[in-house]
Amino acid sequence: MSELTTLARPYAKAVFEVAQGAGDLARWSDQLGFMAAVVRDPTMKAFLDSPKLTREAAADTIIGVCEGRIDDQGKNFVRLLAENGRLTLLPEIAAIYEVMRAEAEGKVEALVVSAQPVSDAQKSAIAQSLAKRLGREVELVCEVDESLIGGAVIRAGDLVIDGSVRGRLERMAANLSR
C-alpha cells in the first residue's frame, strides 16, 4: 500500500495546488471521488487491466463514464494519468487529496470503532475532546465491532487511542509474556 501512496502523492499534491489556487477544493473533491468510484468498480477494473487496451482508449472510456461529472481539467487529469499508466491510482489520489483538503481547512476525520453503538452525547464528548487535543474541527465516523468486547478504538490521523477491552487484554498478555 505504501508504494501506491508514494506513486499517488505527487498527483494528489498537484491537483490540490491547482484546486487551492482556484478556490475549487470542493469541486475537485467531487470529481476525484467520482473518478475513484468509477475506477474501483470491479467491471471497470477488469476492463482497465486488459492487456489489449490502449492508454488512450482507457482515458476515453473513463472520460465517457464520467461525462457530466468532471470538467475539462478533470478530463485532462484523466488523460495525464492514462498516459503515465496510473489510472488505477485514482482511489489513492482521491484519498490523499481529501487528507490535504481537510488539513488545509483545519478539519480531521476521526474513526471511532466501538463494541456498541455510540450515543449522540458520547459522539459530542469525543468530538470536543479530540478537537481540543488536535486543535482542529473533528468529523466523527462511527462503526461497531463487537469483537472489541467493550470500549472503543479511536483513529484520527496519526493518533490512535485504544481503549478497548480486547486491546487491554492484548497489552496485558504481552506484558505477562515478557
# chains A, B, ... in the order shown; residues from 1 in each chain; ligands from 1
$ residues_around --residues "A:Asp49" --least-positions-apart "4" --cutoff "12 Å" --atoms "only C-alpha atoms" --output "ChimeraX atom specification"
/A:39-40,42-45,53-55,58,85-88
$ write_last_selection --atoms "C-alpha atoms" --output "compact mmCIF listing (two decimals), in the first residue's frame"
# COMPACT_ATOMS: atom_id res chain seq x y z
CA VAL A 39 -12.03 3.00 -11.30
CA ARG A 40 -12.87 0.97 -8.16
CA PRO A 42 -14.95 -4.39 -10.46
CA THR A 43 -16.12 -4.37 -14.08
CA MET A 44 -14.15 -1.22 -14.87
CA LYS A 45 -11.12 -2.57 -13.02
CA LEU A 53 -6.49 -1.82 -24.01
CA THR A 54 -4.54 1.22 -25.18
CA ARG A 55 -3.92 4.05 -22.76
CA ALA A 58 -8.70 3.73 -21.27
CA GLY A 85 -0.29 4.24 -16.84
CA ARG A 86 -1.60 5.48 -13.49
CA LEU A 87 -5.41 5.39 -13.83
CA THR A 88 -5.64 2.69 -11.16
$ residues_around --residues "A:Asn76" --least-positions-apart "2" --cutoff "12 Å" --atoms "only C-alpha atoms" --output "ChimeraX atom specification"
/A:15,56,59-60,62-63,70-74,78-83
$ residues_around --residues "A:Arg168" --least-positions-apart "6" --cutoff "12 Å" --atoms "only C-alpha atoms" --output "PyMOL selection string"
chain A and resi 148-153+161-162+174-175
$ residues_around --residues "stretch 111-127 of chain A" --least-positions-apart "5" --cutoff "9 Å" --atoms "only C-alpha atoms" --output "list of chain:residue names"
A:Lys132, A:Glu137, A:Val138, A:Glu139, A:Leu140, A:Val141, A:Cys142, A:Glu143, A:Val144, A:Asp145, A:Glu146, A:Ser147, A:Leu148, A:Ile149, A:Gly150, A:Gly151, A:Ala152, A:Val153, A:Ile154, A:Arg155, A:Ala156, A:Ser164
$ closest_residue --among "A:Ala57, A:Ala104, A:Val160, A:Leu48" --to "A:Glu17" --atoms "only C-alpha atoms"
A:Ala104
$ select_by_dssp --residues "stretch 13-162 of chain A" --states "alpha helix (DSSP H)" --output "PyMOL selection string"
chain A and resi 13-22+25-40+42-48+55-65+72-83+90-104+120-134
$ residues_around --residues "A:Leu159" --least-positions-apart "6" --cutoff "10 Å" --atoms "only C-alpha atoms" --output "number ranges by chain"
A: 110, 130, 134
$ write_last_selection --atoms "C-alpha atoms" --output "mmCIF file, in the first residue's frame"
data_model
loop_
_atom_site.group_PDB
_atom_site.id
_atom_site.type_symbol
_atom_site.label_atom_id
_atom_site.label_comp_id
_atom_site.auth_asym_id
_atom_site.auth_seq_id
_atom_site.Cartn_x
_atom_site.Cartn_y
_atom_site.Cartn_z
ATOM 1 C CA ALA A 110 -11.801 10.532 13.286
ATOM 2 C CA LEU A 130 -10.401 15.386 20.083
ATOM 3 C CA LEU A 134 -5.779 18.175 17.944
#
$ select_by_dssp --residues "chain A" --states "strand (DSSP E or B)" --output "ChimeraX atom specification"
/A:67,70,107-114,137-144,152-156,159-162
$ write_last_selection --atoms "C-alpha atoms" --output "tab-separated table (two decimals), in the first residue's frame"
chain	number	residue	atom	x	y	z
A	67	GLU	CA	-19.30	12.67	-18.64
A	70	ILE	CA	-15.95	16.11	-14.49
A	107	LYS	CA	-10.51	19.59	9.85
A	108	VAL	CA	-9.75	15.99	10.68
A	109	GLU	CA	-11.83	12.86	10.30
A	110	ALA	CA	-11.80	10.53	13.29
A	111	LEU	CA	-12.90	6.91	13.13
A	112	VAL	CA	-14.49	5.58	16.30
A	113	VAL	CA	-14.79	1.80	16.37
A	114	SER	CA	-16.74	0.66	19.41
A	137	GLU	CA	-12.57	20.65	13.83
A	138	VAL	CA	-13.36	16.93	14.13
A	139	GLU	CA	-15.76	14.93	12.00
A	140	LEU	CA	-16.63	11.56	13.54
A	141	VAL	CA	-17.28	8.36	11.64
A	142	CYS	CA	-18.59	5.62	13.92
A	143	GLU	CA	-18.50	1.86	13.38
A	144	VAL	CA	-19.43	-1.08	15.58
A	152	ALA	CA	-13.56	1.79	21.70
A	153	VAL	CA	-10.62	2.46	19.40
A	154	ILE	CA	-10.28	6.00	18.02
A	155	ARG	CA	-8.15	6.84	14.98
A	156	ALA	CA	-7.62	10.45	13.93
A	159	LEU	CA	-3.30	9.40	16.59
A	160	VAL	CA	-4.62	6.03	17.78
A	161	ILE	CA	-6.32	5.68	21.15
A	162	ASP	CA	-7.09	2.06	22.03
$ residues_around --residues "A:Met35" --least-positions-apart "3" --cutoff "7 Å" --atoms "only C-alpha atoms" --output "PyMOL selection string"
chain A and resi 31-32+38-39+66+90
$ atom_distance --atom1 "atom CA of A:Ile93" --atom2 "atom CA of A:Tyr11"
6.6 Å
$ atom_distance --atom1 "atom CA of A:Gln20" --atom2 "atom CA of A:Ala37"
22.6 Å
